[in-house]
Amino acid sequence: MELPAHIAIIMDGNGRWAKQRGKPRTFGHVKGTRVAKKVITECSRLGVKWLTLYAFSAENWLRPQAEVSLLMRILQRYLERETQNLVKENIRLTVIGEPERLSPDLQKVLEQSVAATSKCTGLNLVFALSYGSRQEIAAAVQKIAAQVKDGTLDPDQIDESHIQSNLWTEGMPDPDFVIRTSGEQRLSNFLLWQAAYAEFYFTETLWPDFDLSHLHTAINNYRTRSRRFGRLETSDELLSETSH
Ligand code: FPP
């Protein structure tokens, strides 16, 4: 099978990685950011079209204030330092989630990075920031209910594609491949609707240890999968099934 067109990653295990080294959790986030940078460049080099990174979940706001602010500062510094490189690498950055909940400074830098890279035509890099899938679905239902209320939408017109086009991921293809590091095997409110037919890959490797060889192993594993989307493999198989 080909390369996944859209890879989505839950970058987990930064805190444990730091703890194993007797360091504060934030040390893991700093190393995790370096890994994210390398993975972004490699996906771009390989010709992956979409890469979505779960950088901060809606639930992450419940972490201690000091950790939240450091994560915000890390993201801000990343954007300040890296935007020019993103442009050079022809990478377009967009955001899903509730960026309006982020600090005004981070929002400003984000807007600048999104604008600076808006004409890039290579990898589409998506940061999920203050992102929660249930919140996204609730927001879509509110939008759709308002369309019905103001008379612009008939309830019969609410189909899958209408729901899809009211999600924050409007215009994005669904993820083909979802990777989660650090041994946890759950989605944690990430792309619940969109990952309906995604292939999943779980690895024990903690995110700060996830290097390019791990990325290649994951992608090679994806290539061995047979994706049927609920159908049978081939029309031959279908014929032999139905003739029995
Ligand atoms: C999960 O590890 C990781 C996060 C909550 C933050 C992820 C953010 C980064 C890697 C920085 C992102 C930077 C860019 C540029 C995208 P955890 O803290 O939950 O680890 P634990 O499960 O071991 O506690």
# chains A, B, ... in the order shown; residues from 1 in each chain; ligands from 1

call {"tool": "residues_near_ligand", "arguments": {"ligand": "ligand 1", "cutoff": "8 Å", "atoms": "only C-alpha atoms and all ligand atoms", "output": "ChimeraX atom specification"}}
result
/A:10-18,25-26,28-37,53-57,60,71,74-75,78-79,127,182,206-208

call {"tool": "residues_around", "arguments": {"residues": "A:Thr224", "least_positions_apart": "3", "cutoff": "7 Å", "atoms": "only C-alpha atoms", "output": "list of chain:residue names"}}
result
A:Met1, A:Asn220, A:Asn221

call {"tool": "select_by_dssp", "arguments": {"residues": "stretch 15-243 of chain A", "states": "alpha helix (DSSP H)", "output": "compact mmCIF listing (two decimals) with N, CA, C and O atoms, in the first residue's frame"}}
result
# COMPACT_ATOMS: atom_id res chain seq x y z
N GLY A 15 6.12 13.25 29.93
CA GLY A 15 6.27 13.35 31.38
C GLY A 15 7.03 12.15 31.93
O GLY A 15 7.97 12.31 32.72
N ARG A 16 6.66 10.94 31.49
CA ARG A 16 7.33 9.73 31.98
C ARG A 16 8.79 9.70 31.57
O ARG A 16 9.67 9.30 32.32
N TRP A 17 9.06 10.15 30.35
CA TRP A 17 10.45 10.18 29.85
C TRP A 17 11.30 11.05 30.77
O TRP A 17 12.42 10.69 31.13
N ALA A 18 10.76 12.23 31.15
CA ALA A 18 11.50 13.14 32.01
C ALA A 18 11.68 12.52 33.40
O ALA A 18 12.77 12.56 33.99
N LYS A 19 10.59 11.92 33.91
CA LYS A 19 10.63 11.33 35.26
C LYS A 19 11.70 10.24 35.35
O LYS A 19 12.45 10.17 36.33
N GLN A 20 11.79 9.42 34.28
CA GLN A 20 12.81 8.36 34.25
C GLN A 20 14.21 8.94 34.40
O GLN A 20 15.14 8.26 34.78
N ARG A 25 8.72 17.39 34.37
CA ARG A 25 7.95 16.96 33.20
C ARG A 25 8.21 17.87 31.99
O ARG A 25 8.23 17.42 30.85
N THR A 26 8.41 19.14 32.29
CA THR A 26 8.58 20.11 31.20
C THR A 26 9.83 19.81 30.37
O THR A 26 9.88 20.12 29.18
N PHE A 27 10.83 19.17 30.99
CA PHE A 27 12.03 18.77 30.27
C PHE A 27 11.64 17.81 29.14
O PHE A 27 12.18 17.86 28.04
N GLY A 28 10.68 16.95 29.44
CA GLY A 28 10.18 16.02 28.42
C GLY A 28 9.47 16.74 27.29
O GLY A 28 9.60 16.36 26.13
N HIS A 29 8.74 17.80 27.62
CA HIS A 29 8.04 18.54 26.57
C HIS A 29 9.04 19.25 25.64
O HIS A 29 8.82 19.35 24.44
N VAL A 30 10.14 19.73 26.24
CA VAL A 30 11.16 20.42 25.41
C VAL A 30 11.77 19.41 24.43
O VAL A 30 11.88 19.66 23.23
N LYS A 31 12.13 18.22 24.95
CA LYS A 31 12.70 17.19 24.06
C LYS A 31 11.64 16.74 23.05
O LYS A 31 11.93 16.54 21.86
N GLY A 32 10.38 16.64 23.51
CA GLY A 32 9.29 16.24 22.62
C GLY A 32 9.10 17.21 21.47
O GLY A 32 8.74 16.80 20.35
N THR A 33 9.35 18.46 21.71
CA THR A 33 9.21 19.47 20.65
C THR A 33 10.28 19.26 19.58
O THR A 33 10.02 19.39 18.38
N ARG A 34 11.50 18.90 20.03
CA ARG A 34 12.57 18.63 19.04
C ARG A 34 12.20 17.43 18.18
O ARG A 34 12.45 17.42 16.98
N VAL A 35 11.59 16.42 18.82
CA VAL A 35 11.17 15.24 18.05
C VAL A 35 10.08 15.64 17.05
O VAL A 35 10.11 15.24 15.88
N ALA A 36 9.12 16.46 17.50
CA ALA A 36 8.04 16.90 16.61
C ALA A 36 8.65 17.59 15.38
O ALA A 36 8.25 17.35 14.24
N LYS A 37 9.64 18.44 15.63
CA LYS A 37 10.28 19.18 14.53
C LYS A 37 10.86 18.22 13.49
O LYS A 37 10.68 18.39 12.29
N LYS A 38 11.55 17.19 13.97
CA LYS A 38 12.16 16.22 13.05
C LYS A 38 11.11 15.42 12.28
O LYS A 38 11.27 15.14 11.09
N VAL A 39 10.05 15.03 13.00
CA VAL A 39 9.00 14.24 12.36
C VAL A 39 8.30 15.08 11.28
O VAL A 39 7.98 14.59 10.19
N ILE A 40 8.10 16.38 11.56
CA ILE A 40 7.47 17.27 10.58
C ILE A 40 8.32 17.32 9.31
O ILE A 40 7.83 17.13 8.19
N THR A 41 9.62 17.55 9.48
CA THR A 41 10.52 17.66 8.32
C THR A 41 10.54 16.35 7.54
O THR A 41 10.53 16.35 6.30
N GLU A 42 10.55 15.22 8.26
CA GLU A 42 10.63 13.93 7.57
C GLU A 42 9.33 13.64 6.80
O GLU A 42 9.37 13.13 5.68
N CYS A 43 8.19 13.96 7.41
CA CYS A 43 6.92 13.73 6.69
C CYS A 43 6.89 14.59 5.44
O CYS A 43 6.45 14.14 4.37
N SER A 44 7.38 15.80 5.54
CA SER A 44 7.44 16.68 4.38
C SER A 44 8.35 16.07 3.30
O SER A 44 7.99 15.99 2.13
N ARG A 45 9.52 15.59 3.73
CA ARG A 45 10.48 15.01 2.78
C ARG A 45 9.90 13.76 2.10
O ARG A 45 10.10 13.53 0.91
N LEU A 46 9.16 12.96 2.87
CA LEU A 46 8.61 11.71 2.32
C LEU A 46 7.44 11.97 1.36
O LEU A 46 7.05 11.10 0.60
N GLN A 65 -0.98 24.71 36.57
CA GLN A 65 -0.81 25.96 35.84
C GLN A 65 0.62 26.12 35.27
O GLN A 65 0.81 26.55 34.12
N ALA A 66 1.63 25.71 36.06
CA ALA A 66 3.02 25.91 35.63
C ALA A 66 3.31 25.10 34.37
O ALA A 66 3.98 25.57 33.45
N GLU A 67 2.78 23.86 34.31
CA GLU A 67 3.03 23.01 33.14
C GLU A 67 2.30 23.57 31.92
O GLU A 67 2.85 23.60 30.82
N VAL A 68 1.04 24.05 32.15
CA VAL A 68 0.27 24.62 31.04
C VAL A 68 1.02 25.82 30.47
O VAL A 68 1.24 25.92 29.26
N SER A 69 1.48 26.73 31.35
CA SER A 69 2.14 27.92 30.80
C SER A 69 3.44 27.56 30.10
O SER A 69 3.79 28.17 29.09
N LEU A 70 4.15 26.55 30.62
CA LEU A 70 5.37 26.20 29.91
C LEU A 70 5.08 25.61 28.53
O LEU A 70 5.75 25.93 27.54
N LEU A 71 4.04 24.79 28.44
CA LEU A 71 3.67 24.24 27.13
C LEU A 71 3.31 25.36 26.15
O LEU A 71 3.69 25.34 24.97
N MET A 72 2.60 26.37 26.67
CA MET A 72 2.24 27.52 25.83
C MET A 72 3.49 28.24 25.34
O MET A 72 3.62 28.64 24.19
N ARG A 73 4.45 28.41 26.29
CA ARG A 73 5.68 29.12 25.91
C ARG A 73 6.50 28.33 24.89
O ARG A 73 7.09 28.88 23.97
N ILE A 74 6.51 27.00 25.07
CA ILE A 74 7.25 26.14 24.14
C ILE A 74 6.66 26.28 22.73
O ILE A 74 7.38 26.42 21.74
N LEU A 75 5.33 26.26 22.68
CA LEU A 75 4.67 26.37 21.36
C LEU A 75 4.96 27.73 20.72
O LEU A 75 5.25 27.82 19.53
N GLN A 76 4.91 28.77 21.56
CA GLN A 76 5.17 30.12 21.04
C GLN A 76 6.60 30.22 20.50
O GLN A 76 6.83 30.73 19.40
N ARG A 77 7.55 29.68 21.28
CA ARG A 77 8.95 29.74 20.86
C ARG A 77 9.16 28.93 19.58
O ARG A 77 9.87 29.33 18.67
N TYR A 78 8.50 27.76 19.53
CA TYR A 78 8.62 26.93 18.32
C TYR A 78 8.17 27.74 17.10
O TYR A 78 8.85 27.77 16.07
N LEU A 79 7.02 28.41 17.23
CA LEU A 79 6.47 29.14 16.08
C LEU A 79 7.37 30.32 15.71
O LEU A 79 7.62 30.58 14.53
N GLU A 80 7.86 31.02 16.73
CA GLU A 80 8.73 32.18 16.46
C GLU A 80 10.00 31.74 15.74
O GLU A 80 10.47 32.39 14.82
N ARG A 81 10.55 30.60 16.17
CA ARG A 81 11.82 30.15 15.59
C ARG A 81 11.64 29.43 14.26
O ARG A 81 12.55 29.42 13.43
N GLU A 82 10.52 28.74 14.11
CA GLU A 82 10.41 27.79 13.00
C GLU A 82 9.61 28.26 11.79
O GLU A 82 9.65 27.62 10.74
N THR A 83 8.85 29.35 11.93
CA THR A 83 7.95 29.72 10.83
C THR A 83 8.71 29.90 9.51
O THR A 83 8.27 29.42 8.46
N GLN A 84 9.87 30.55 9.58
CA GLN A 84 10.62 30.76 8.33
C GLN A 84 11.06 29.43 7.71
O GLN A 84 11.04 29.28 6.49
N ASN A 85 11.43 28.47 8.57
CA ASN A 85 11.80 27.14 8.05
C ASN A 85 10.60 26.45 7.43
O ASN A 85 10.74 25.76 6.41
N LEU A 86 9.43 26.63 8.04
CA LEU A 86 8.22 26.01 7.48
C LEU A 86 8.02 26.57 6.06
O LEU A 86 7.77 25.81 5.12
N VAL A 87 8.15 27.88 5.91
CA VAL A 87 7.96 28.49 4.59
C VAL A 87 9.00 27.91 3.62
O VAL A 87 8.65 27.52 2.50
N LYS A 88 10.26 27.82 4.09
CA LYS A 88 11.32 27.28 3.21
C LYS A 88 11.01 25.86 2.78
O LYS A 88 11.28 25.46 1.66
N PRO A 104 -3.27 35.46 24.54
CA PRO A 104 -3.30 36.40 23.41
C PRO A 104 -1.97 36.41 22.64
O PRO A 104 -1.96 36.48 21.41
N ASP A 105 -0.85 36.31 23.36
CA ASP A 105 0.47 36.31 22.68
C ASP A 105 0.60 35.11 21.75
O ASP A 105 1.04 35.23 20.61
N LEU A 106 0.22 33.94 22.26
CA LEU A 106 0.34 32.73 21.44
C LEU A 106 -0.63 32.81 20.25
O LEU A 106 -0.27 32.45 19.12
N GLN A 107 -1.82 33.33 20.51
CA GLN A 107 -2.79 33.47 19.40
C GLN A 107 -2.21 34.34 18.29
O GLN A 107 -2.35 34.04 17.11
N LYS A 108 -1.54 35.43 18.70
CA LYS A 108 -0.98 36.36 17.71
C LYS A 108 0.10 35.67 16.87
O LYS A 108 0.10 35.75 15.64
N VAL A 109 1.01 34.98 17.54
CA VAL A 109 2.09 34.30 16.83
C VAL A 109 1.52 33.21 15.91
O VAL A 109 1.99 33.02 14.78
N LEU A 110 0.50 32.51 16.42
CA LEU A 110 -0.14 31.47 15.60
C LEU A 110 -0.73 32.08 14.32
O LEU A 110 -0.53 31.55 13.22
N GLU A 111 -1.46 33.19 14.51
CA GLU A 111 -2.06 33.85 13.33
C GLU A 111 -0.98 34.23 12.34
O GLU A 111 -1.14 34.06 11.12
N GLN A 112 0.15 34.75 12.86
CA GLN A 112 1.23 35.15 11.95
C GLN A 112 1.80 33.95 11.20
O GLN A 112 2.06 34.02 10.01
N SER A 113 1.98 32.83 11.91
CA SER A 113 2.55 31.64 11.26
C SER A 113 1.58 31.07 10.23
O SER A 113 2.00 30.67 9.14
N VAL A 114 0.30 31.05 10.59
CA VAL A 114 -0.70 30.54 9.65
C VAL A 114 -0.71 31.42 8.39
O VAL A 114 -0.70 30.92 7.26
N ALA A 115 -0.66 32.74 8.59
CA ALA A 115 -0.68 33.66 7.45
C ALA A 115 0.60 33.51 6.61
O ALA A 115 0.54 33.43 5.38
N ALA A 116 1.75 33.42 7.30
CA ALA A 116 3.04 33.36 6.58
C ALA A 116 3.14 32.10 5.72
O ALA A 116 3.80 32.11 4.68
N SER A 133 -12.46 16.27 20.62
CA SER A 133 -13.38 15.84 19.58
C SER A 133 -14.84 16.00 19.99
O SER A 133 -15.69 16.38 19.18
N ARG A 134 -15.15 15.71 21.24
CA ARG A 134 -16.54 15.85 21.68
C ARG A 134 -16.95 17.32 21.65
O ARG A 134 -18.08 17.65 21.27
N GLN A 135 -16.03 18.21 22.05
CA GLN A 135 -16.32 19.65 21.99
C GLN A 135 -16.56 20.06 20.54
O GLN A 135 -17.43 20.87 20.24
N GLU A 136 -15.75 19.49 19.62
CA GLU A 136 -15.87 19.81 18.19
C GLU A 136 -17.24 19.36 17.66
O GLU A 136 -17.92 20.10 16.93
N ILE A 137 -17.66 18.15 18.08
CA ILE A 137 -18.95 17.63 17.61
C ILE A 137 -20.09 18.46 18.21
O ILE A 137 -21.04 18.81 17.51
N ALA A 138 -19.97 18.84 19.49
CA ALA A 138 -21.01 19.67 20.12
C ALA A 138 -21.11 21.01 19.38
O ALA A 138 -22.22 21.51 19.12
N ALA A 139 -19.96 21.59 19.03
CA ALA A 139 -19.97 22.88 18.31
C ALA A 139 -20.64 22.72 16.94
O ALA A 139 -21.39 23.59 16.49
N ALA A 140 -20.38 21.58 16.27
CA ALA A 140 -20.99 21.34 14.96
C ALA A 140 -22.51 21.21 15.10
O ALA A 140 -23.26 21.77 14.29
N VAL A 141 -22.94 20.50 16.15
CA VAL A 141 -24.39 20.32 16.35
C VAL A 141 -25.04 21.69 16.60
O VAL A 141 -26.11 21.99 16.06
N GLN A 142 -24.37 22.54 17.36
CA GLN A 142 -24.92 23.89 17.60
C GLN A 142 -25.05 24.66 16.29
O GLN A 142 -26.07 25.32 16.05
N LYS A 143 -24.01 24.59 15.45
CA LYS A 143 -24.05 25.33 14.17
C LYS A 143 -25.20 24.81 13.30
O LYS A 143 -25.95 25.57 12.70
N ILE A 144 -25.33 23.49 13.26
CA ILE A 144 -26.35 22.88 12.41
C ILE A 144 -27.76 23.21 12.94
O ILE A 144 -28.66 23.55 12.17
N ALA A 145 -27.91 23.18 14.27
CA ALA A 145 -29.21 23.52 14.86
C ALA A 145 -29.58 24.96 14.52
O ALA A 145 -30.75 25.26 14.21
N ALA A 146 -28.59 25.85 14.53
CA ALA A 146 -28.86 27.26 14.20
C ALA A 146 -29.29 27.40 12.74
O ALA A 146 -30.16 28.21 12.41
N GLN A 147 -28.67 26.57 11.85
CA GLN A 147 -29.06 26.62 10.43
C GLN A 147 -30.51 26.16 10.25
O GLN A 147 -31.26 26.71 9.45
N VAL A 148 -30.91 25.14 11.03
CA VAL A 148 -32.30 24.67 10.95
C VAL A 148 -33.23 25.76 11.49
O VAL A 148 -34.25 26.08 10.89
N LYS A 149 -32.80 26.35 12.62
CA LYS A 149 -33.65 27.36 13.28
C LYS A 149 -33.88 28.56 12.37
O LYS A 149 -34.99 29.08 12.30
N GLU A 160 -23.92 12.76 6.46
CA GLU A 160 -22.54 12.70 6.93
C GLU A 160 -21.71 13.87 6.42
O GLU A 160 -20.92 14.47 7.15
N SER A 161 -21.91 14.20 5.13
CA SER A 161 -21.04 15.23 4.57
C SER A 161 -21.39 16.60 5.16
O SER A 161 -20.53 17.46 5.33
N HIS A 162 -22.66 16.79 5.52
CA HIS A 162 -23.02 18.08 6.14
C HIS A 162 -22.40 18.19 7.53
O HIS A 162 -21.90 19.25 7.92
N ILE A 163 -22.41 17.09 8.26
CA ILE A 163 -21.78 17.11 9.60
C ILE A 163 -20.29 17.38 9.44
O ILE A 163 -19.71 18.25 10.09
N GLN A 164 -19.67 16.63 8.52
CA GLN A 164 -18.23 16.77 8.26
C GLN A 164 -17.86 18.23 7.97
O GLN A 164 -16.86 18.74 8.45
N LEU A 212 13.41 9.00 13.79
CA LEU A 212 12.94 8.76 12.42
C LEU A 212 12.84 7.28 12.09
O LEU A 212 12.00 6.88 11.30
N SER A 213 13.70 6.46 12.74
CA SER A 213 13.60 5.02 12.46
C SER A 213 12.24 4.50 12.97
O SER A 213 11.64 3.63 12.34
N HIS A 214 11.77 5.03 14.10
CA HIS A 214 10.45 4.61 14.59
C HIS A 214 9.36 5.06 13.61
O HIS A 214 8.39 4.33 13.38
N LEU A 215 9.51 6.25 13.08
CA LEU A 215 8.51 6.74 12.11
C LEU A 215 8.48 5.83 10.88
O LEU A 215 7.42 5.44 10.39
N HIS A 216 9.69 5.46 10.40
CA HIS A 216 9.75 4.60 9.21
C HIS A 216 9.14 3.23 9.50
O HIS A 216 8.41 2.67 8.68
N THR A 217 9.42 2.69 10.70
CA THR A 217 8.85 1.38 11.07
C THR A 217 7.32 1.47 11.08
O THR A 217 6.62 0.59 10.58
N ALA A 218 6.81 2.56 11.65
CA ALA A 218 5.35 2.72 11.72
C ALA A 218 4.76 2.79 10.31
O ALA A 218 3.78 2.10 10.00
N ILE A 219 5.38 3.59 9.45
CA ILE A 219 4.84 3.74 8.08
C ILE A 219 4.94 2.41 7.33
O ILE A 219 4.01 2.03 6.60
N ASN A 220 6.05 1.68 7.52
CA ASN A 220 6.17 0.37 6.86
C ASN A 220 5.09 -0.58 7.35
O ASN A 220 4.55 -1.38 6.57
N ASN A 221 4.76 -0.48 8.63
CA ASN A 221 3.69 -1.31 9.17
C ASN A 221 2.35 -0.95 8.51
O ASN A 221 1.58 -1.82 8.12
N TYR A 222 2.11 0.34 8.35
CA TYR A 222 0.87 0.80 7.68
C TYR A 222 0.77 0.20 6.28
O TYR A 222 -0.30 -0.22 5.83
N ARG A 223 1.91 0.16 5.60
CA ARG A 223 1.91 -0.32 4.21
C ARG A 223 1.50 -1.79 4.10
O ARG A 223 1.14 -2.24 3.02
N SER A 235 -12.99 -7.43 -6.19
CA SER A 235 -14.25 -7.86 -6.78
C SER A 235 -14.25 -9.38 -7.00
O SER A 235 -15.29 -10.02 -6.93
N ASP A 236 -13.02 -9.99 -7.21
CA ASP A 236 -12.94 -11.45 -7.37
C ASP A 236 -13.45 -12.15 -6.11
O ASP A 236 -14.24 -13.08 -6.15
N GLU A 237 -12.95 -11.62 -4.97
CA GLU A 237 -13.34 -12.19 -3.69
C GLU A 237 -14.85 -12.07 -3.50
O GLU A 237 -15.52 -12.97 -3.03
N LEU A 238 -15.37 -10.91 -3.93
CA LEU A 238 -16.80 -10.66 -3.80
C LEU A 238 -17.58 -11.68 -4.63
O LEU A 238 -18.55 -12.27 -4.17
N LEU A 239 -17.07 -11.94 -5.86
CA LEU A 239 -17.74 -12.90 -6.74
C LEU A 239 -17.74 -14.29 -6.13
O LEU A 239 -18.77 -14.96 -6.08
N SER A 240 -16.52 -14.71 -5.60
CA SER A 240 -16.48 -16.05 -5.08
C SER A 240 -17.34 -16.17 -3.81
O SER A 240 -17.93 -17.19 -3.55
N GLU A 241 -17.43 -15.08 -3.01
CA GLU A 241 -18.29 -15.11 -1.82
C GLU A 241 -19.75 -15.29 -2.22
O GLU A 241 -20.47 -16.10 -1.63
N THR A 242 -20.16 -14.53 -3.23
CA THR A 242 -21.59 -14.54 -3.56
C THR A 242 -21.98 -15.80 -4.33
O THR A 242 -23.13 -16.19 -4.34
N SER A 243 -20.96 -16.45 -5.00
CA SER A 243 -21.32 -17.65 -5.77
C SER A 243 -21.45 -18.87 -4.86
O SER A 243 -21.84 -19.92 -5.31

call {"tool": "select_by_dssp", "arguments": {"residues": "stretch 15-203 of chain A", "states": "strand (DSSP E)", "output": "PyMOL selection string"}}
result
chain A and resi 50-57+92-97+124-131+177-180+199-202

call {"tool": "atom_distance", "arguments": {"atom1": "atom CA of A:Asp154", "atom2": "atom CA of A:Leu167"}}
result
18.5 Å

call {"tool": "closest_atom_pairs", "arguments": {"of": "stretch 123-149 of chain A", "to": "stretch 95-101 of chain A", "cutoff": "6 Å", "atoms": "only C-alpha atoms", "output": "CSV"}}
result
residue,atom,partner,partner_atom,distance
A:Val126,CA,A:Val95,CA,5.3
A:Phe127,CA,A:Val95,CA,4.9
A:Ala128,CA,A:Ile96,CA,4.9
A:Leu129,CA,A:Gly97,CA,5.2
A:Ser130,CA,A:Gly97,CA,5.2
A:Tyr131,CA,A:Gly97,CA,3.9

call {"tool": "residues_around", "arguments": {"residues": "A:Asp174", "least_positions_apart": "6", "cutoff": "9 Å", "atoms": "only C-alpha atoms", "output": "PyMOL selection string"}}
result
chain A and resi 6+191+193-198

call {"tool": "atom_distance", "arguments": {"atom1": "atom CA of A:Asp159", "atom2": "atom CA of A:Arg231"}}
result
20.8 Å

call {"tool": "closest_residue", "arguments": {"among": "A:Ala8, A:Val48, A:Leu192, A:Leu62", "to": "A:Gly132", "atoms": "only C-alpha atoms"}}
result
A:Leu192

call {"tool": "atom_distance", "arguments": {"atom1": "atom CA of A:Met172", "atom2": "atom CA of A:Leu187"}}
result
18.9 Å
